[in-house]
Amino acid sequence: PTVLSVLETQKVLEQMTGLAGLMTQLLYGTGMRLMECVRLRIKDIDFENHTITIRNGKGNKDRVTILPSSLTSPLKSHLEVVKQNHGLDIQKGYGKVYLPDALERKYPYANQELGWQYVFPAAKLSMDPRSELIRRHHIDEKMLQRYVKQAAITAKVYKPVTPHTFRHSFATHLLQSGYDIRTVQELLGHSDVRTTMIYTHVLNKGGKGVISPLDRLSA
């Protein structure tokens, strides 16, 4: 996997502002996958305990990851805007968000509650082809992919950078900081620690950590 150094990460993030900047910081700060971020619901952010619950991740599993303290204030400000827009949607007779079928049946009025709304809703209302209802869907993930790619070019980082790169970098940088692999495995939601082990290989220097004899001459 492509992994950015801490400096490269900083350079790319510095090129990103607004909504795309907030989402990318969240990917790097939590280790979320792109679609986990895009589908995040307001109720799953716990500001008090600094955690985010990720529902139906890979393999349909839930997990809990960290909410970076530095994102508390920007996220709260962002959610105030989401709340206002949701209120306006309800006034106009909309405001019902998509819920999986079982939840829709169990909680028939939940789809209008603020907690169930997407953290990153789309700018415009659109028709849901499944129900033919006019809804505010989540933001289009392709938007973030474009912004990340452009930010890497502007930052003169010549690795192939995608939103998923920040998940890889999150894991690698945690291991570099001395966190144990089981903790990282839990935060990433890997069912097998061997999947997490790929990041330990990234930590090893090229040539399996061997120092070239040429470098010994100048040592």
# chains A, B, ... in the order shown; residues from 1 in each chain; ligands from 1

call {"tool": "residues_around", "arguments": {"residues": "segment 48-65 of chain A", "least_positions_apart": "5", "cutoff": "9 Å", "atoms": "only C-alpha atoms", "output": "PDB file with C-alpha atoms, in the first residue's frame"}}
result
ATOM      1  CA  THR A  30      -9.411   7.857  12.496  1.00  0.00           C
ATOM      2  CA  GLY A  31      -8.255   5.274   9.949  1.00  0.00           C
ATOM      3  CA  MET A  32     -11.700   5.145   8.365  1.00  0.00           C
ATOM      4  CA  ARG A  33     -12.266   3.868   4.851  1.00  0.00           C
ATOM      5  CA  MET A  35     -17.157   4.959   2.261  1.00  0.00           C
ATOM      6  CA  GLU A  36     -17.244   4.638   6.060  1.00  0.00           C
ATOM      7  CA  CYS A  37     -16.574   8.367   6.256  1.00  0.00           C
ATOM      8  CA  ARG A  39     -21.843   7.130   5.191  1.00  0.00           C
ATOM      9  CA  LEU A  40     -21.163   8.308   8.751  1.00  0.00           C
ATOM     10  CA  ARG A  41     -24.296   9.321  10.708  1.00  0.00           C
ATOM     11  CA  LYS A  43     -25.448   9.853  16.152  1.00  0.00           C
ATOM     12  CA  THR A  72     -13.919  18.397  17.785  1.00  0.00           C
ATOM     13  CA  GLU A 186      -8.875  -3.035  16.471  1.00  0.00           C
ATOM     14  CA  LEU A 187      -8.981   0.563  15.237  1.00  0.00           C
ATOM     15  CA  LEU A 188      -8.785  -0.551  11.599  1.00  0.00           C
ATOM     16  CA  GLY A 189     -11.383  -3.290  12.062  1.00  0.00           C
ATOM     17  CA  HIS A 190      -9.224  -6.106  10.693  1.00  0.00           C
ATOM     18  CA  SER A 191     -10.559  -9.536  11.697  1.00  0.00           C
TER      19      SER A 191
END

call {"tool": "residues_around", "arguments": {"residues": "segment 161-175 of chain A", "least_positions_apart": "2", "cutoff": "8 Å", "atoms": "only C-alpha atoms", "output": "ChimeraX atom specification"}}
result
/A:1-6,9,24,27-34,144-145,148-149,152,159,177-181,184,188,199-200,202-203

call {"tool": "select_by_dssp", "arguments": {"residues": "chain A", "states": "strand (DSSP E or B)", "output": "list in words"}}
result
Arg41, Ile45, Asp46, Thr51, Ile52, Thr53, Ile54, Arg63, Val64, Thr65, Ile66, Tyr118, Pro121, Ser126, Met127, Ile134, Arg135 and His138 of chain A

call {"tool": "write_last_selection", "arguments": {"atoms": "N, CA, C and O atoms", "output": "compact mmCIF listing (two decimals), in the first residue's frame"}}
result
# COMPACT_ATOMS: atom_id res chain seq x y z
N ARG A 41 -23.08 8.65 10.21
CA ARG A 41 -24.30 9.32 10.71
C ARG A 41 -23.94 10.15 11.95
O ARG A 41 -23.06 9.77 12.73
N ILE A 45 -21.09 9.88 16.26
CA ILE A 45 -19.96 10.66 16.77
C ILE A 45 -20.22 10.96 18.24
O ILE A 45 -21.25 11.54 18.59
N ASP A 46 -19.31 10.53 19.10
CA ASP A 46 -19.43 10.76 20.55
C ASP A 46 -18.36 11.76 20.96
O ASP A 46 -17.19 11.39 21.18
N THR A 51 -14.90 9.37 20.57
CA THR A 51 -14.94 8.15 19.76
C THR A 51 -15.92 8.30 18.59
O THR A 51 -16.82 9.13 18.63
N ILE A 52 -15.70 7.47 17.58
CA ILE A 52 -16.62 7.38 16.45
C ILE A 52 -16.94 5.90 16.28
O ILE A 52 -16.04 5.05 16.24
N THR A 53 -18.23 5.58 16.20
CA THR A 53 -18.65 4.20 15.95
C THR A 53 -18.90 4.05 14.46
O THR A 53 -19.65 4.83 13.86
N ILE A 54 -18.23 3.09 13.88
CA ILE A 54 -18.37 2.83 12.44
C ILE A 54 -19.28 1.61 12.29
O ILE A 54 -18.96 0.52 12.77
N ARG A 63 -17.36 -1.16 14.63
CA ARG A 63 -16.15 -0.99 15.45
C ARG A 63 -16.11 0.45 15.96
O ARG A 63 -16.84 1.31 15.48
N VAL A 64 -15.25 0.67 16.92
CA VAL A 64 -15.10 2.02 17.49
C VAL A 64 -13.68 2.49 17.22
O VAL A 64 -12.71 1.75 17.42
N THR A 65 -13.56 3.72 16.74
CA THR A 65 -12.24 4.30 16.53
C THR A 65 -12.16 5.63 17.28
O THR A 65 -13.13 6.05 17.92
N ILE A 66 -11.02 6.28 17.21
CA ILE A 66 -10.81 7.52 17.96
C ILE A 66 -11.31 8.74 17.19
O ILE A 66 -11.23 8.77 15.97
N TYR A 118 -26.85 12.09 7.64
CA TYR A 118 -25.43 11.92 7.30
C TYR A 118 -24.62 13.10 7.81
O TYR A 118 -25.08 14.25 7.75
N PRO A 121 -23.75 15.38 4.20
CA PRO A 121 -24.84 15.25 3.24
C PRO A 121 -24.52 15.93 1.92
O PRO A 121 -23.69 16.83 1.85
N SER A 126 -32.14 14.84 -3.96
CA SER A 126 -32.27 14.04 -5.18
C SER A 126 -33.25 12.91 -4.94
O SER A 126 -33.57 12.58 -3.80
N MET A 127 -33.72 12.30 -6.04
CA MET A 127 -34.68 11.20 -5.89
C MET A 127 -33.94 9.90 -5.58
O MET A 127 -32.97 9.56 -6.24
N ILE A 134 -37.87 11.97 -2.45
CA ILE A 134 -36.85 13.01 -2.58
C ILE A 134 -36.09 13.08 -1.25
O ILE A 134 -36.70 13.33 -0.20
N ARG A 135 -34.81 12.81 -1.29
CA ARG A 135 -34.00 12.77 -0.06
C ARG A 135 -32.72 13.57 -0.25
O ARG A 135 -32.32 13.89 -1.36
N HIS A 138 -25.94 11.08 0.98
CA HIS A 138 -24.61 11.51 1.44
C HIS A 138 -23.82 12.10 0.27
O HIS A 138 -24.18 11.91 -0.90

call {"tool": "atom_distance", "arguments": {"atom1": "atom CA of Ser131 of chain A", "atom2": "atom CA of Arg146 of chain A"}}
result
29.6 Å

call {"tool": "atom_distance", "arguments": {"atom1": "atom CA of Val12 of chain A", "atom2": "atom CA of Ala155 of chain A"}}
result
5.5 Å

call {"tool": "select_by_dssp", "arguments": {"residues": "segment 62-215 of chain A", "states": "alpha helix (DSSP H)", "output": "ChimeraX atom specification"}}
result
/A:72-91,101-106,141-154,163-176,181-188,193-196,198-203,213-215

call {"tool": "write_last_selection", "arguments": {"atoms": "C-alpha atoms", "output": "PDB file, in the first residue's frame"}}
result
ATOM      1  CA  THR A  72     -13.919  18.397  17.785  1.00  0.00           C
ATOM      2  CA  SER A  73     -14.438  22.107  17.153  1.00  0.00           C
ATOM      3  CA  PRO A  74     -14.463  22.011  13.305  1.00  0.00           C
ATOM      4  CA  LEU A  75     -16.837  19.027  13.323  1.00  0.00           C
ATOM      5  CA  LYS A  76     -19.225  20.721  15.751  1.00  0.00           C
ATOM      6  CA  SER A  77     -19.280  23.856  13.564  1.00  0.00           C
ATOM      7  CA  HIS A  78     -19.896  21.727  10.472  1.00  0.00           C
ATOM      8  CA  LEU A  79     -22.744  19.854  12.192  1.00  0.00           C
ATOM      9  CA  GLU A  80     -24.427  23.141  13.145  1.00  0.00           C
ATOM     10  CA  VAL A  81     -24.747  23.902   9.410  1.00  0.00           C
ATOM     11  CA  VAL A  82     -26.020  20.360   8.725  1.00  0.00           C
ATOM     12  CA  LYS A  83     -28.603  20.831  11.507  1.00  0.00           C
ATOM     13  CA  GLN A  84     -29.828  24.146  10.045  1.00  0.00           C
ATOM     14  CA  ASN A  85     -30.118  22.699   6.535  1.00  0.00           C
ATOM     15  CA  HIS A  86     -31.951  19.655   7.884  1.00  0.00           C
ATOM     16  CA  GLY A  87     -34.431  21.953   9.643  1.00  0.00           C
ATOM     17  CA  LEU A  88     -35.060  23.773   6.352  1.00  0.00           C
ATOM     18  CA  ASP A  89     -35.551  20.443   4.545  1.00  0.00           C
ATOM     19  CA  ILE A  90     -38.198  19.425   7.106  1.00  0.00           C
ATOM     20  CA  GLN A  91     -39.987  22.776   6.718  1.00  0.00           C
ATOM     21  CA  ASP A 101     -35.145  -1.688   5.470  1.00  0.00           C
ATOM     22  CA  ALA A 102     -35.109  -3.379   8.890  1.00  0.00           C
ATOM     23  CA  LEU A 103     -34.428  -0.081  10.653  1.00  0.00           C
ATOM     24  CA  GLU A 104     -37.055   1.731   8.571  1.00  0.00           C
ATOM     25  CA  ARG A 105     -39.673  -0.764   9.757  1.00  0.00           C
ATOM     26  CA  LYS A 106     -38.505  -0.824  13.375  1.00  0.00           C
ATOM     27  CA  GLU A 141     -17.203  10.059  -2.714  1.00  0.00           C
ATOM     28  CA  LYS A 142     -15.773  10.931  -6.149  1.00  0.00           C
ATOM     29  CA  MET A 143     -15.584  14.562  -5.050  1.00  0.00           C
ATOM     30  CA  LEU A 144     -13.114  13.697  -2.304  1.00  0.00           C
ATOM     31  CA  GLN A 145     -11.090  11.438  -4.609  1.00  0.00           C
ATOM     32  CA  ARG A 146     -10.621  14.350  -7.022  1.00  0.00           C
ATOM     33  CA  TYR A 147      -9.667  16.815  -4.288  1.00  0.00           C
ATOM     34  CA  VAL A 148      -7.121  14.440  -2.730  1.00  0.00           C
ATOM     35  CA  LYS A 149      -5.492  13.744  -6.080  1.00  0.00           C
ATOM     36  CA  GLN A 150      -5.228  17.454  -6.850  1.00  0.00           C
ATOM     37  CA  ALA A 151      -3.908  18.291  -3.365  1.00  0.00           C
ATOM     38  CA  ALA A 152      -1.106  15.723  -3.725  1.00  0.00           C
ATOM     39  CA  ILE A 153      -0.082  17.236  -7.083  1.00  0.00           C
ATOM     40  CA  THR A 154      -0.107  20.774  -5.636  1.00  0.00           C
ATOM     41  CA  PRO A 163      -8.325   8.851   0.196  1.00  0.00           C
ATOM     42  CA  HIS A 164      -7.413   5.266   1.201  1.00  0.00           C
ATOM     43  CA  THR A 165      -3.738   6.299   1.471  1.00  0.00           C
ATOM     44  CA  PHE A 166      -4.631   8.172   4.665  1.00  0.00           C
ATOM     45  CA  ARG A 167      -5.923   4.956   6.268  1.00  0.00           C
ATOM     46  CA  HIS A 168      -2.617   3.235   5.447  1.00  0.00           C
ATOM     47  CA  SER A 169      -0.699   6.225   6.768  1.00  0.00           C
ATOM     48  CA  PHE A 170      -2.801   6.303   9.979  1.00  0.00           C
ATOM     49  CA  ALA A 171      -1.872   2.676  10.701  1.00  0.00           C
ATOM     50  CA  THR A 172       1.811   3.066   9.841  1.00  0.00           C
ATOM     51  CA  HIS A 173       2.253   6.265  11.842  1.00  0.00           C
ATOM     52  CA  LEU A 174       0.600   4.690  14.901  1.00  0.00           C
ATOM     53  CA  LEU A 175       3.010   1.746  14.727  1.00  0.00           C
ATOM     54  CA  GLN A 176       5.921   4.165  14.278  1.00  0.00           C
ATOM     55  CA  ILE A 181      -0.319  -4.060  16.563  1.00  0.00           C
ATOM     56  CA  ARG A 182      -3.435  -5.392  18.339  1.00  0.00           C
ATOM     57  CA  THR A 183      -4.589  -1.847  19.114  1.00  0.00           C
ATOM     58  CA  VAL A 184      -4.046  -0.812  15.494  1.00  0.00           C
ATOM     59  CA  GLN A 185      -5.857  -3.960  14.310  1.00  0.00           C
ATOM     60  CA  GLU A 186      -8.875  -3.035  16.471  1.00  0.00           C
ATOM     61  CA  LEU A 187      -8.981   0.563  15.237  1.00  0.00           C
ATOM     62  CA  LEU A 188      -8.785  -0.551  11.599  1.00  0.00           C
ATOM     63  CA  VAL A 193      -3.943  -9.555  12.661  1.00  0.00           C
ATOM     64  CA  ARG A 194      -2.068 -10.787   9.579  1.00  0.00           C
ATOM     65  CA  THR A 195      -3.860  -8.123   7.547  1.00  0.00           C
ATOM     66  CA  THR A 196      -2.518  -5.475   9.932  1.00  0.00           C
ATOM     67  CA  ILE A 198       1.451  -5.471   6.210  1.00  0.00           C
ATOM     68  CA  TYR A 199       2.107  -2.153   7.966  1.00  0.00           C
ATOM     69  CA  THR A 200       5.011  -3.618   9.903  1.00  0.00           C
ATOM     70  CA  HIS A 201       6.654  -4.487   6.559  1.00  0.00           C
ATOM     71  CA  VAL A 202       6.256  -0.880   5.443  1.00  0.00           C
ATOM     72  CA  LEU A 203       8.124   0.179   8.589  1.00  0.00           C
ATOM     73  CA  PRO A 213      28.412  -1.612   2.680  1.00  0.00           C
ATOM     74  CA  LEU A 214      28.849   1.633   0.722  1.00  0.00           C
ATOM     75  CA  ASP A 215      27.091   3.568   3.500  1.00  0.00           C
TER      76      ASP A 215
END

call {"tool": "atom_distance", "arguments": {"atom1": "atom CA of Leu114 of chain A", "atom2": "atom CA of Leu133 of chain A"}}
result
18.0 Å

call {"tool": "closest_residue", "arguments": {"among": "A:Leu125, A:Ser70, A:Val157, A:Met197", "to": "Lys96 of chain A", "atoms": "only C-alpha atoms"}}
result
A:Leu125

call {"tool": "residues_around", "arguments": {"residues": "Ile42 of chain A", "least_positions_apart": "5", "cutoff": "7 Å", "atoms": "only C-alpha atoms", "output": "MDAnalysis selection string"}}
result
chainID A and resid 115:119

call {"tool": "decode", "arguments": {"residues": "segment 112-126 of chain A", "atoms": "all heavy atoms", "output": "PDB file, in the first residue's frame"}}
result
ATOM      1  N   GLN A 112     -36.293  11.005  10.041  1.00  0.00           N
ATOM      2  CA  GLN A 112     -36.309  12.468  10.090  1.00  0.00           C
ATOM      3  C   GLN A 112     -35.481  13.025  11.248  1.00  0.00           C
ATOM      4  O   GLN A 112     -35.259  14.224  11.316  1.00  0.00           O
ATOM      5  CB  GLN A 112     -37.751  12.984  10.204  1.00  0.00           C
ATOM      6  CG  GLN A 112     -38.453  13.108   8.854  1.00  0.00           C
ATOM      7  CD  GLN A 112     -39.743  13.902   8.965  1.00  0.00           C
ATOM      8  OE1 GLN A 112     -40.624  13.520   9.707  1.00  0.00           O
ATOM      9  NE2 GLN A 112     -39.838  14.990   8.230  1.00  0.00           N
ATOM     10  N   GLU A 113     -35.061  12.142  12.144  1.00  0.00           N
ATOM     11  CA  GLU A 113     -34.299  12.593  13.317  1.00  0.00           C
ATOM     12  C   GLU A 113     -32.906  13.053  12.901  1.00  0.00           C
ATOM     13  O   GLU A 113     -32.283  12.464  12.013  1.00  0.00           O
ATOM     14  CB  GLU A 113     -34.179  11.455  14.335  1.00  0.00           C
ATOM     15  CG  GLU A 113     -35.487  11.136  15.051  1.00  0.00           C
ATOM     16  CD  GLU A 113     -35.391   9.878  15.894  1.00  0.00           C
ATOM     17  OE1 GLU A 113     -34.250   9.391  16.122  1.00  0.00           O
ATOM     18  OE2 GLU A 113     -36.440   9.369  16.308  1.00  0.00           O
ATOM     19  N   LEU A 114     -32.432  14.083  13.596  1.00  0.00           N
ATOM     20  CA  LEU A 114     -31.124  14.648  13.268  1.00  0.00           C
ATOM     21  C   LEU A 114     -30.008  13.612  13.394  1.00  0.00           C
ATOM     22  O   LEU A 114     -29.102  13.546  12.563  1.00  0.00           O
ATOM     23  CB  LEU A 114     -30.832  15.864  14.162  1.00  0.00           C
ATOM     24  CG  LEU A 114     -29.519  16.589  13.877  1.00  0.00           C
ATOM     25  CD1 LEU A 114     -29.528  17.261  12.509  1.00  0.00           C
ATOM     26  CD2 LEU A 114     -29.209  17.617  14.961  1.00  0.00           C
ATOM     27  N   GLY A 115     -30.077  12.785  14.429  1.00  0.00           N
ATOM     28  CA  GLY A 115     -29.022  11.803  14.683  1.00  0.00           C
ATOM     29  C   GLY A 115     -28.777  10.829  13.544  1.00  0.00           C
ATOM     30  O   GLY A 115     -27.671  10.351  13.347  1.00  0.00           O
ATOM     31  N   TRP A 116     -29.844  10.546  12.782  1.00  0.00           N
ATOM     32  CA  TRP A 116     -29.718   9.586  11.682  1.00  0.00           C
ATOM     33  C   TRP A 116     -29.236  10.239  10.378  1.00  0.00           C
ATOM     34  O   TRP A 116     -28.939   9.538   9.413  1.00  0.00           O
ATOM     35  CB  TRP A 116     -31.050   8.877  11.428  1.00  0.00           C
ATOM     36  CG  TRP A 116     -31.315   7.800  12.420  1.00  0.00           C
ATOM     37  CD1 TRP A 116     -32.121   7.866  13.519  1.00  0.00           C
ATOM     38  CD2 TRP A 116     -30.745   6.482  12.441  1.00  0.00           C
ATOM     39  NE1 TRP A 116     -32.099   6.675  14.210  1.00  0.00           N
ATOM     40  CE2 TRP A 116     -31.262   5.814  13.567  1.00  0.00           C
ATOM     41  CE3 TRP A 116     -29.847   5.800  11.603  1.00  0.00           C
ATOM     42  CZ2 TRP A 116     -30.921   4.498  13.888  1.00  0.00           C
ATOM     43  CZ3 TRP A 116     -29.500   4.495  11.921  1.00  0.00           C
ATOM     44  CH2 TRP A 116     -30.035   3.853  13.054  1.00  0.00           C
ATOM     45  N   GLN A 117     -29.178  11.564  10.354  1.00  0.00           N
ATOM     46  CA  GLN A 117     -28.744  12.237   9.125  1.00  0.00           C
ATOM     47  C   GLN A 117     -27.250  11.990   8.892  1.00  0.00           C
ATOM     48  O   GLN A 117     -26.495  11.754   9.832  1.00  0.00           O
ATOM     49  CB  GLN A 117     -29.020  13.747   9.205  1.00  0.00           C
ATOM     50  CG  GLN A 117     -30.459  14.116   9.512  1.00  0.00           C
ATOM     51  CD  GLN A 117     -31.455  13.504   8.537  1.00  0.00           C
ATOM     52  OE1 GLN A 117     -31.319  13.636   7.324  1.00  0.00           O
ATOM     53  NE2 GLN A 117     -32.473  12.826   9.075  1.00  0.00           N
ATOM     54  N   TYR A 118     -26.850  12.092   7.642  1.00  0.00           N
ATOM     55  CA  TYR A 118     -25.433  11.916   7.303  1.00  0.00           C
ATOM     56  C   TYR A 118     -24.620  13.105   7.813  1.00  0.00           C
ATOM     57  O   TYR A 118     -25.078  14.251   7.753  1.00  0.00           O
ATOM     58  CB  TYR A 118     -25.248  11.799   5.783  1.00  0.00           C
ATOM     59  CG  TYR A 118     -25.807  10.530   5.191  1.00  0.00           C
ATOM     60  CD1 TYR A 118     -26.884  10.560   4.304  1.00  0.00           C
ATOM     61  CD2 TYR A 118     -25.251   9.280   5.508  1.00  0.00           C
ATOM     62  CE1 TYR A 118     -27.403   9.388   3.754  1.00  0.00           C
ATOM     63  CE2 TYR A 118     -25.761   8.112   4.967  1.00  0.00           C
ATOM     64  CZ  TYR A 118     -26.840   8.165   4.093  1.00  0.00           C
ATOM     65  OH  TYR A 118     -27.342   7.004   3.556  1.00  0.00           O
ATOM     66  N   VAL A 119     -23.417  12.822   8.285  1.00  0.00           N
ATOM     67  CA  VAL A 119     -22.496  13.889   8.722  1.00  0.00           C
ATOM     68  C   VAL A 119     -22.104  14.732   7.512  1.00  0.00           C
ATOM     69  O   VAL A 119     -21.953  15.944   7.606  1.00  0.00           O
ATOM     70  CB  VAL A 119     -21.242  13.276   9.403  1.00  0.00           C
ATOM     71  CG1 VAL A 119     -20.204  14.355   9.724  1.00  0.00           C
ATOM     72  CG2 VAL A 119     -21.641  12.540  10.673  1.00  0.00           C
ATOM     73  N   PHE A 120     -21.965  14.061   6.366  1.00  0.00           N
ATOM     74  CA  PHE A 120     -21.571  14.765   5.139  1.00  0.00           C
ATOM     75  C   PHE A 120     -22.661  14.600   4.076  1.00  0.00           C
ATOM     76  O   PHE A 120     -22.539  13.783   3.164  1.00  0.00           O
ATOM     77  CB  PHE A 120     -20.218  14.244   4.640  1.00  0.00           C
ATOM     78  CG  PHE A 120     -19.118  14.429   5.650  1.00  0.00           C
ATOM     79  CD1 PHE A 120     -18.577  13.344   6.335  1.00  0.00           C
ATOM     80  CD2 PHE A 120     -18.641  15.698   5.940  1.00  0.00           C
ATOM     81  CE1 PHE A 120     -17.572  13.520   7.276  1.00  0.00           C
ATOM     82  CE2 PHE A 120     -17.639  15.878   6.882  1.00  0.00           C
ATOM     83  CZ  PHE A 120     -17.105  14.798   7.555  1.00  0.00           C
ATOM     84  N   PRO A 121     -23.748  15.383   4.203  1.00  0.00           N
ATOM     85  CA  PRO A 121     -24.839  15.255   3.243  1.00  0.00           C
ATOM     86  C   PRO A 121     -24.520  15.928   1.919  1.00  0.00           C
ATOM     87  O   PRO A 121     -23.691  16.833   1.850  1.00  0.00           O
ATOM     88  CB  PRO A 121     -25.998  15.975   3.952  1.00  0.00           C
ATOM     89  CG  PRO A 121     -25.343  16.945   4.876  1.00  0.00           C
ATOM     90  CD  PRO A 121     -24.014  16.369   5.250  1.00  0.00           C
ATOM     91  N   ALA A 122     -25.205  15.482   0.888  1.00  0.00           N
ATOM     92  CA  ALA A 122     -25.046  16.076  -0.448  1.00  0.00           C
ATOM     93  C   ALA A 122     -25.559  17.519  -0.426  1.00  0.00           C
ATOM     94  O   ALA A 122     -26.409  17.879   0.390  1.00  0.00           O
ATOM     95  CB  ALA A 122     -25.820  15.261  -1.467  1.00  0.00           C
ATOM     96  N   ALA A 123     -25.042  18.325  -1.329  1.00  0.00           N
ATOM     97  CA  ALA A 123     -25.447  19.733  -1.394  1.00  0.00           C
ATOM     98  C   ALA A 123     -26.883  19.885  -1.887  1.00  0.00           C
ATOM     99  O   ALA A 123     -27.567  20.849  -1.545  1.00  0.00           O
ATOM    100  CB  ALA A 123     -24.498  20.504  -2.310  1.00  0.00           C
ATOM    101  N   LYS A 124     -27.359  18.920  -2.680  1.00  0.00           N
ATOM    102  CA  LYS A 124     -28.705  19.019  -3.259  1.00  0.00           C
ATOM    103  C   LYS A 124     -29.552  17.802  -2.910  1.00  0.00           C
ATOM    104  O   LYS A 124     -29.029  16.701  -2.718  1.00  0.00           O
ATOM    105  CB  LYS A 124     -28.614  19.137  -4.786  1.00  0.00           C
ATOM    106  CG  LYS A 124     -27.981  20.434  -5.272  1.00  0.00           C
ATOM    107  CD  LYS A 124     -27.893  20.438  -6.787  1.00  0.00           C
ATOM    108  CE  LYS A 124     -27.235  21.727  -7.289  1.00  0.00           C
ATOM    109  NZ  LYS A 124     -27.015  21.694  -8.740  1.00  0.00           N
ATOM    110  N   LEU A 125     -30.854  18.021  -2.884  1.00  0.00           N
ATOM    111  CA  LEU A 125     -31.797  16.909  -2.731  1.00  0.00           C
ATOM    112  C   LEU A 125     -31.854  16.126  -4.048  1.00  0.00           C
ATOM    113  O   LEU A 125     -31.632  16.701  -5.111  1.00  0.00           O
ATOM    114  CB  LEU A 125     -33.201  17.449  -2.415  1.00  0.00           C
ATOM    115  CG  LEU A 125     -33.382  18.142  -1.066  1.00  0.00           C
ATOM    116  CD1 LEU A 125     -34.635  18.987  -1.067  1.00  0.00           C
ATOM    117  CD2 LEU A 125     -33.434  17.122   0.069  1.00  0.00           C
ATOM    118  N   SER A 126     -32.143  14.839  -3.957  1.00  0.00           N
ATOM    119  CA  SER A 126     -32.268  14.042  -5.182  1.00  0.00           C
ATOM    120  C   SER A 126     -33.251  12.907  -4.945  1.00  0.00           C
ATOM    121  O   SER A 126     -33.569  12.582  -3.799  1.00  0.00           O
ATOM    122  CB  SER A 126     -30.907  13.476  -5.599  1.00  0.00           C
ATOM    123  OG  SER A 126     -30.382  12.667  -4.559  1.00  0.00           O
TER     124      SER A 126
END
